[in-house]
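Chemist: Sharing a structure here in structure tokens format.
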Amino acid sequence: MSANQMLTLAALGDVEVSIAVTFGASRCRVSDVLAFTEGTIVMLGARADAPVDVLVNGIAVASGDIVELDDGALAVEIRDVRAAGSEVENPA
Amino acid sequence: MWCALDAPSHRTLLEWILDGPGAPTPTAVERTIVSECVDRLLATSADTRWRESAGKIRLQHDVWQLALEISGEGASASLRLFTAAEAQVRVTPHPVLDDVPLELRAWLRAFPVRLSDLASWQRGTVIRLSGGVNDIPTQVRVVGGPVMFGTLGCTNGHRAIRLNGSAARTGAR
């Protein structure tokens with residue numbers, strides 16, 4: 001840490017960032033997308049047991065597995081934490 | 001082509017041909033005489049014959065219109081000619097977009113986390129998500145475009161999203 005550094009990570013601890021989990025992607029044609037209706041099933045390329053990416057403000061910081069908790073809620077169990085994130089499509 | 005001839009003009013043409021007035025109401029013979037006169041005036045070929053039709057004609061097309069005024073002996077007859085205007089439609093070629101590939105991405109809706117919590121993440125950390133196994137609210141975005149909503153599921157061993165909401169355009173890239 002530089003002697004001139006003004007802030008530490010601890011000072012930013014209460015800052016909230018946006019977490020998103022991406023389940024996968026697929027490619028479609030324009031005509032396919034225009035035909036989408038309620039009930040349409042969009043197949044993703046990822047296998048059901050494939051790890052998901054966890055993004056922080058659009059930066060992939062970790063990957064993990066989707067797990068079901070005892071109370072039926074869904075969760076992501078971190079498998080790998082990425083030291084250097086890669087930017088991907090930022091979710092809304 | 002249509003030729004509209006009103007009653008006064010009909011009467012004037014007949015008067016010229018007969019060299020005197022016709023009946024107050026044109027007889028069948030007089031109508032035939034005028035019809036043949038129009039035929040001779042306007043025939044474009046020997047095979048062209050005009051078919052007389054009384055009453056108003058509602059033209060169903062865009063038309064070119066020509067007013068033909070014939071004058072003589074202090075009277076005049078007016079023939080109005082109509083012909084269908086062939087629409088000069090300039091067909092501007094458009095690219096066929098149907099087969100253009102688009103990328104779709106499926107997301108769990110974003111939720112907030114404090115940086116201090118994030119800093120403590122490590123292998124094995126469990127991040128609780130909103131929703132249960134069967135109702136994870138998911139967004140499907142056309143990359144760079146609108147977002148649709150659905151629920152996460154599994155089909156043939158692959159993740160899949162069943163769409164349940166209409167698309168909404170967002171400003172997010």
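Just so we're on the same page: first chain in the structure tokens is A, next is B, and so on; residues restart at 1 for each chain, and ligands are numbered from 1 in the order they show up.
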Chain A near region 137-152 of chain B within 10 Å: what's each residue's closest atom pair and its distance in Å to one decimal, counting only C-alpha atoms, ordered by chain then ascending residue number, as a tab-separated table?
Modeler:
```
residue	atom	partner	partner_atom	distance
A:Val21	CA	B:Thr138	CA	9.6
A:Thr22	CA	B:Thr138	CA	9.2
A:Phe23	CA	B:Leu152	CA	8.5
A:Gly24	CA	B:Val140	CA	9.7
A:Ala25	CA	B:Val140	CA	8.8
A:Ser26	CA	B:Val142	CA	9.7
A:Arg27	CA	B:Val142	CA	9.3
A:Cys28	CA	B:Val142	CA	9.3
A:Val30	CA	B:Val142	CA	9.9
A:Val33	CA	B:Val142	CA	8.5
A:Phe36	CA	B:Met148	CA	9.6
A:Thr37	CA	B:Met148	CA	10.0
A:Glu38	CA	B:Gly150	CA	8.7
A:Gly39	CA	B:Gly150	CA	8.5
A:Thr40	CA	B:Gly150	CA	9.2
A:Ile41	CA	B:Gly150	CA	8.9
A:Val42	CA	B:Val140	CA	8.7
A:Glu89	CA	B:Val143	CA	7.3
A:Asn90	CA	B:Val143	CA	9.4
A:Pro91	CA	B:Arg141	CA	8.3
A:Ala92	CA	B:Val147	CA	8.7
```
Chemist: Please produce an output containing C-alpha atoms for each residue in the selection, written as a PDB file, in the first residue's frame.
Modeler:
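See part-v5.pdb below for the written result:
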```pdb
ATOM      1  CA  VAL A  21     -25.433 -14.402 -11.618  1.00  0.00           C
ATOM      2  CA  THR A  22     -25.397 -15.460 -15.213  1.00  0.00           C
ATOM      3  CA  PHE A  23     -26.853 -18.822 -16.069  1.00  0.00           C
ATOM      4  CA  GLY A  24     -25.691 -19.073 -19.616  1.00  0.00           C
ATOM      5  CA  ALA A  25     -26.102 -17.771 -23.094  1.00  0.00           C
ATOM      6  CA  SER A  26     -27.338 -18.909 -26.429  1.00  0.00           C
ATOM      7  CA  ARG A  27     -27.492 -17.666 -29.966  1.00  0.00           C
ATOM      8  CA  CYS A  28     -30.730 -17.230 -31.855  1.00  0.00           C
ATOM      9  CA  VAL A  30     -33.753 -12.491 -35.284  1.00  0.00           C
ATOM     10  CA  VAL A  33     -36.532 -13.879 -31.096  1.00  0.00           C
ATOM     11  CA  PHE A  36     -40.947 -15.559 -28.730  1.00  0.00           C
ATOM     12  CA  THR A  37     -44.174 -15.619 -26.763  1.00  0.00           C
ATOM     13  CA  GLU A  38     -45.118 -16.261 -23.187  1.00  0.00           C
ATOM     14  CA  GLY A  39     -44.243 -19.869 -22.491  1.00  0.00           C
ATOM     15  CA  THR A  40     -41.450 -20.076 -25.022  1.00  0.00           C
ATOM     16  CA  ILE A  41     -38.539 -22.079 -23.700  1.00  0.00           C
ATOM     17  CA  VAL A  42     -35.145 -20.627 -24.486  1.00  0.00           C
ATOM     18  CA  GLU A  89     -22.353  -7.898 -20.504  1.00  0.00           C
ATOM     19  CA  ASN A  90     -23.592  -5.834 -17.609  1.00  0.00           C
ATOM     20  CA  PRO A  91     -27.023  -6.898 -16.428  1.00  0.00           C
ATOM     21  CA  ALA A  92     -29.663  -4.294 -15.785  1.00  0.00           C
TER      22      ALA A  92
END
```
Chemist: Taking the DSSP secondary structure from the backbone, can you list the residues of chain B that are strand (DSSP E), as a PyMOL selection string?
Modeler: chain B and resi 2-5+63-72+75-84+101-114+126-132+137-142+147-155+158-168
Chemist: Show me which bits of chain B are within 6 Å of chain A, counting only C-alpha atoms, as number ranges by chain.
Modeler: B: 98-108, 110-116, 123-129, 132-133, 157-164, 172
Chemist: For CA of Gly22 (chain B) and CA of Ala7 (chain B), quote the distance in Å rounded to one decimal.
Modeler: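 Going from CA of Gly22 (chain B) over to CA of Ala7 (chain B), I get 11.9 Å.
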Chemist: Residues of chain A in alpha helix (DSSP H) according to DSSP, as a PyMOL selection string?
Modeler: chain A and resi 30-34
Chemist: Mind checking which residues fall within 12 Å of Glu15 (chain B), counting only C-alpha atoms, ignoring those fewer than 4 positions away in the same chain, and posting them as an MDAnalysis selection string?
Modeler: chainID B and resid 8:11 19:24 26 30:31 33:34 37 72:77
Chemist: Write the residues you've just listed into a file as a PDB file, in the first residue's frame, and include C-alpha atoms for each of them.
Modeler:
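result24.pdb, freshly written:
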```
ATOM      1  CA  PRO B   8     -75.538  18.141 -71.237  1.00  0.00           C
ATOM      2  CA  SER B   9     -72.474  16.990 -73.159  1.00  0.00           C
ATOM      3  CA  HIS B  10     -74.337  13.899 -74.316  1.00  0.00           C
ATOM      4  CA  ARG B  11     -77.120  16.138 -75.561  1.00  0.00           C
ATOM      5  CA  ASP B  19     -78.021  18.589 -86.674  1.00  0.00           C
ATOM      6  CA  GLY B  20     -80.894  19.246 -84.335  1.00  0.00           C
ATOM      7  CA  PRO B  21     -82.046  18.489 -80.811  1.00  0.00           C
ATOM      8  CA  GLY B  22     -82.714  14.958 -79.633  1.00  0.00           C
ATOM      9  CA  ALA B  23     -85.469  13.716 -77.381  1.00  0.00           C
ATOM     10  CA  PRO B  24     -85.712  15.252 -73.901  1.00  0.00           C
ATOM     11  CA  PRO B  26     -82.237  10.141 -74.893  1.00  0.00           C
ATOM     12  CA  GLU B  30     -79.793   8.128 -79.634  1.00  0.00           C
ATOM     13  CA  ARG B  31     -77.582   6.637 -76.946  1.00  0.00           C
ATOM     14  CA  ILE B  33     -75.456   7.095 -81.861  1.00  0.00           C
ATOM     15  CA  VAL B  34     -73.556   9.006 -79.213  1.00  0.00           C
ATOM     16  CA  CYS B  37     -69.511   8.894 -81.934  1.00  0.00           C
ATOM     17  CA  GLY B  72     -68.543  24.458 -81.879  1.00  0.00           C
ATOM     18  CA  GLU B  73     -71.650  26.315 -82.967  1.00  0.00           C
ATOM     19  CA  GLY B  74     -71.931  28.080 -79.636  1.00  0.00           C
ATOM     20  CA  ALA B  75     -72.003  24.861 -77.646  1.00  0.00           C
ATOM     21  CA  SER B  76     -69.485  22.576 -76.089  1.00  0.00           C
ATOM     22  CA  ALA B  77     -69.282  19.008 -74.914  1.00  0.00           C
TER      23      ALA B  77
END
```
